[in-house]
file final.pdb (PDB, C-alpha atoms, pLDDT in the B column)
ATOM      1  CA  MET A 263       0.614   4.771 -38.044  1.00 57.00           C
ATOM      2  CA  LYS A 264       0.445   7.099 -35.060  1.00 61.00           C
ATOM      3  CA  LYS A 265       2.158   5.876 -31.891  1.00 65.00           C
ATOM      4  CA  PHE A 266       0.219   6.075 -28.638  1.00 61.00           C
ATOM      5  CA  ARG A 267       1.705   6.019 -25.169  1.00 69.00           C
ATOM      6  CA  ASN A 268      -0.155   4.395 -22.363  1.00 88.00           C
ATOM      7  CA  TYR A 269      -1.846   6.603 -19.796  1.00 89.00           C
ATOM      8  CA  LYS A 270       0.542   5.945 -16.882  1.00 89.00           C
ATOM      9  CA  GLU A 271       3.615   6.554 -19.034  1.00 90.00           C
ATOM     10  CA  HIS A 272       2.238   9.925 -20.136  1.00 92.00           C
ATOM     11  CA  LEU A 273       1.116  10.804 -16.600  1.00 95.00           C
ATOM     12  CA  PHE A 274       4.503   9.929 -15.066  1.00 96.00           C
ATOM     13  CA  LYS A 275       6.314  12.042 -17.648  1.00 95.00           C
ATOM     14  CA  ARG A 276       4.119  15.034 -16.777  1.00 96.00           C
ATOM     15  CA  LEU A 277       4.457  14.455 -13.027  1.00 97.00           C
ATOM     16  CA  GLN A 278       8.233  14.808 -13.261  1.00 96.00           C
ATOM     17  CA  ASN A 279       7.557  18.526 -13.626  1.00 97.00           C
ATOM     18  CA  PRO A 280       7.178  19.993 -10.095  1.00 96.00           C
ATOM     19  CA  LYS A 281       4.451  22.442 -11.186  1.00 97.00           C
ATOM     20  CA  ALA A 282       2.385  19.656 -12.751  1.00 97.00           C
ATOM     21  CA  ALA A 283       2.962  17.430  -9.714  1.00 97.00           C
ATOM     22  CA  ALA A 284       1.866  20.221  -7.355  1.00 97.00           C
ATOM     23  CA  ALA A 285      -1.303  20.841  -9.376  1.00 97.00           C
ATOM     24  CA  TYR A 286      -2.028  17.094  -9.392  1.00 98.00           C
ATOM     25  CA  LEU A 287      -1.666  16.848  -5.595  1.00 97.00           C
ATOM     26  CA  ASN A 288      -3.725  19.996  -5.019  1.00 96.00           C
ATOM     27  CA  ALA A 289      -6.516  18.583  -7.186  1.00 97.00           C
ATOM     28  CA  ALA A 290      -6.364  15.339  -5.184  1.00 97.00           C
ATOM     29  CA  LEU A 291      -6.671  17.293  -1.930  1.00 94.00           C
ATOM     30  CA  GLU A 292      -9.950  18.785  -3.146  1.00 94.00           C
ATOM     31  CA  ASP A 293     -11.524  15.325  -2.995  1.00 95.00           C
ATOM     32  CA  ALA A 294     -13.136  14.407   0.327  1.00 93.00           C
ATOM     33  CA  ASP A 295     -11.616  10.911   0.174  1.00 93.00           C
ATOM     34  CA  PRO A 296      -8.056  10.917   1.609  1.00 90.00           C
ATOM     35  CA  GLN A 297      -7.225   7.839  -0.486  1.00 91.00           C
ATOM     36  CA  VAL A 298      -7.301  10.036  -3.584  1.00 94.00           C
ATOM     37  CA  PHE A 299      -4.383  12.026  -2.155  1.00 94.00           C
ATOM     38  CA  LEU A 300      -2.454   8.829  -1.388  1.00 93.00           C
ATOM     39  CA  ILE A 301      -2.988   7.537  -4.931  1.00 94.00           C
ATOM     40  CA  ALA A 302      -1.766  10.862  -6.334  1.00 96.00           C
ATOM     41  CA  LEU A 303       1.264  10.808  -4.023  1.00 96.00           C
ATOM     42  CA  LYS A 304       2.074   7.252  -5.162  1.00 95.00           C
ATOM     43  CA  ASP A 305       1.802   8.330  -8.817  1.00 97.00           C
ATOM     44  CA  ILE A 306       4.251  11.164  -8.157  1.00 97.00           C
ATOM     45  CA  ALA A 307       6.606   8.820  -6.308  1.00 96.00           C
ATOM     46  CA  ASP A 308       6.485   6.386  -9.238  1.00 96.00           C
ATOM     47  CA  ALA A 309       7.151   9.233 -11.662  1.00 97.00           C
ATOM     48  CA  HIS A 310      10.301  10.058  -9.696  1.00 95.00           C
ATOM     49  CA  GLY A 311      11.767   6.572  -9.874  1.00 94.00           C
ATOM     50  CA  GLY A 312       9.555   4.571  -7.550  1.00 94.00           C
ATOM     51  CA  VAL A 313       9.857   3.410  -3.980  1.00 94.00           C
ATOM     52  CA  ALA A 314      13.386   2.002  -4.280  1.00 94.00           C
ATOM     53  CA  LYS A 315      14.807   5.329  -5.453  1.00 95.00           C
ATOM     54  CA  LEU A 316      12.750   7.328  -2.941  1.00 94.00           C
ATOM     55  CA  SER A 317      13.930   5.055  -0.156  1.00 95.00           C
ATOM     56  CA  LYS A 318      17.535   5.983  -0.922  1.00 95.00           C
ATOM     57  CA  GLU A 319      16.780   9.692  -1.298  1.00 94.00           C
ATOM     58  CA  THR A 320      14.683   9.962   1.867  1.00 93.00           C
ATOM     59  CA  ASP A 321      16.481   7.487   4.153  1.00 92.00           C
ATOM     60  CA  LEU A 322      13.078   5.904   4.785  1.00 94.00           C
ATOM     61  CA  ASN A 323      12.672   2.134   4.921  1.00 93.00           C
ATOM     62  CA  ARG A 324      11.444   0.674   1.623  1.00 94.00           C
ATOM     63  CA  GLU A 325       8.746  -1.451   3.289  1.00 94.00           C
ATOM     64  CA  SER A 326       7.550   1.546   5.262  1.00 91.00           C
ATOM     65  CA  LEU A 327       7.329   3.576   2.053  1.00 93.00           C
ATOM     66  CA  TYR A 328       5.290   0.857   0.351  1.00 93.00           C
ATOM     67  CA  ARG A 329       2.855   0.898   3.288  1.00 91.00           C
ATOM     68  CA  THR A 330       2.798   4.696   3.400  1.00 91.00           C
ATOM     69  CA  LEU A 331       2.024   4.952  -0.309  1.00 91.00           C
ATOM     70  CA  SER A 332      -0.596   2.206  -0.328  1.00 88.00           C
ATOM     71  CA  GLN A 333      -4.289   3.050  -0.581  1.00 81.00           C
ATOM     72  CA  ARG A 334      -4.614   2.233   3.109  1.00 85.00           C
ATOM     73  CA  GLY A 335      -1.513   4.188   4.022  1.00 88.00           C
ATOM     74  CA  ASN A 336      -1.480   6.685   6.835  1.00 91.00           C
ATOM     75  CA  PRO A 337       1.733   8.661   6.320  1.00 91.00           C
ATOM     76  CA  ARG A 338       3.412  10.354   9.243  1.00 92.00           C
ATOM     77  CA  LEU A 339       4.182  14.011   8.709  1.00 94.00           C
ATOM     78  CA  HIS A 340       7.925  13.266   8.706  1.00 94.00           C
ATOM     79  CA  SER A 341       7.493  10.671   5.928  1.00 94.00           C
ATOM     80  CA  LEU A 342       5.176  12.896   3.904  1.00 94.00           C
ATOM     81  CA  LEU A 343       7.605  15.827   4.063  1.00 95.00           C
ATOM     82  CA  ALA A 344      10.539  13.584   3.089  1.00 95.00           C
ATOM     83  CA  ILE A 345       8.658  12.186   0.078  1.00 95.00           C
ATOM     84  CA  LEU A 346       7.579  15.640  -1.053  1.00 96.00           C
ATOM     85  CA  GLN A 347      11.100  17.024  -0.681  1.00 96.00           C
ATOM     86  CA  ALA A 348      12.560  14.147  -2.724  1.00 95.00           C
ATOM     87  CA  CYS A 349      10.033  15.003  -5.451  1.00 95.00           C
ATOM     88  CA  LYS A 350      10.991  18.704  -5.275  1.00 95.00           C
ATOM     89  CA  LEU A 351       7.712  19.699  -3.600  1.00 96.00           C
ATOM     90  CA  ASP A 352       6.680  21.143  -0.255  1.00 94.00           C
ATOM     91  CA  ILE A 353       3.454  21.998   1.509  1.00 93.00           C
ATOM     92  CA  SER A 354       1.940  25.181   2.849  1.00 90.00           C
ATOM     93  CA  ILE A 355      -1.103  26.005   4.923  1.00 89.00           C
ATOM     94  CA  ARG A 356      -3.585  28.693   3.970  1.00 87.00           C
ATOM     95  CA  PRO A 357      -6.826  29.954   5.479  1.00 94.00           C
ATOM     96  CA  ALA A 358      -9.943  28.081   4.405  1.00 84.00           C
ATOM     97  CA  ALA A 359     -12.074  29.843   1.839  1.00 78.00           C
TER      98      ALA A 359
END
call {"tool": "encode", "arguments": {"input": "final.pdb", "output": "structure tokens"}}
result
Amino acid sequence: MKKFRNYKEHLFKRLQNPKAAAAYLNAALEDADPQVFLIALKDIADAHGGVAKLSKETDLNRESLYRTLSQRGNPRLHSLLAILQACKLDISIRPAA
């Protein structure tokens, strides 16, 4: 019998790869709803060990990270950059098409 992994398990394994994580976040940014980006960022954070591990790696408060990564989160630039760096990602700005 063929073994199947659940969706999140497969997604988290893929998101451990920085190129896959970057593509995932970029796709989320294409959506007009900013919550889509926050959900994608939370998925990437979970793929990299979750909030507890990120809290240690970023020196950000665990409760603050939970709020930041919630669907109603409103991350500060400092927090966003720290999370991305801990996940081996960064951001860049480019001219609009």
call {"tool": "resolve_selection", "arguments": {"input": "final.pdb", "expression": "the PyMOL selection byres ((chain A and resi 351) around 12)", "output": "number ranges by chain"}}
result
A: 277-288, 303, 306-307, 310, 342-350, 352-354
call {"tool": "resolve_selection", "arguments": {"input": "final.pdb", "expression": "the PyMOL selection byres ((chain A and resi 332) around 12)", "output": "list in words"}}
result
Pro296, Gln297, Val298, Phe299, Leu300, Ile301, Ala302, Leu303, Lys304, Asp305, Ala307, Val313, Glu325, Ser326, Leu327, Tyr328, Arg329, Thr330, Leu331, Gln333, Arg334, Gly335, Asn336 and Pro337 of chain A
call {"tool": "write_last_selection", "arguments": {"input": "final.pdb", "atoms": "C-alpha atoms", "output": "compact mmCIF listing (two decimals), in the coordinates of the input"}}
result
# COMPACT_ATOMS: atom_id res chain seq x y z
CA PRO A 296 -8.06 10.92 1.61
CA GLN A 297 -7.22 7.84 -0.49
CA VAL A 298 -7.30 10.04 -3.58
CA PHE A 299 -4.38 12.03 -2.15
CA LEU A 300 -2.45 8.83 -1.39
CA ILE A 301 -2.99 7.54 -4.93
CA ALA A 302 -1.77 10.86 -6.33
CA LEU A 303 1.26 10.81 -4.02
CA LYS A 304 2.07 7.25 -5.16
CA ASP A 305 1.80 8.33 -8.82
CA ALA A 307 6.61 8.82 -6.31
CA VAL A 313 9.86 3.41 -3.98
CA GLU A 325 8.75 -1.45 3.29
CA SER A 326 7.55 1.55 5.26
CA LEU A 327 7.33 3.58 2.05
CA TYR A 328 5.29 0.86 0.35
CA ARG A 329 2.86 0.90 3.29
CA THR A 330 2.80 4.70 3.40
CA LEU A 331 2.02 4.95 -0.31
CA GLN A 333 -4.29 3.05 -0.58
CA ARG A 334 -4.61 2.23 3.11
CA GLY A 335 -1.51 4.19 4.02
CA ASN A 336 -1.48 6.68 6.84
CA PRO A 337 1.73 8.66 6.32
call {"tool": "atom_distance", "arguments": {"input": "final.pdb", "atom1": "CA of His340 (chain A)", "atom2": "CA of Thr320 (chain A)"}}
result
10.2 Å
call {"tool": "axis_aligned_box", "arguments": {"input": "final.pdb", "around": "region 338-343 of chain A", "padding_each_side": "3 Å", "output": "JSON"}}
result
{"center_x": 5.7, "center_y": 13.1, "center_z": 6.6, "size_x": 10.5, "size_y": 11.5, "size_z": 11.3}
call {"tool": "closest_residue", "arguments": {"input": "final.pdb", "among": "A:Arg338, A:Glu292, A:Asp308, A:Lys318", "to": "Lys270 (chain A)", "atoms": "only C-alpha atoms"}}
result
A:Asp308
call {"tool": "atom_distance", "arguments": {"input": "final.pdb", "atom1": "CA of Asp293 (chain A)", "atom2": "CA of Ala358 (chain A)"}}
result
14.8 Å
call {"tool": "atom_distance", "arguments": {"input": "final.pdb", "atom1": "CA of Phe274 (chain A)", "atom2": "CA of Gly311 (chain A)"}}
result
9.5 Å
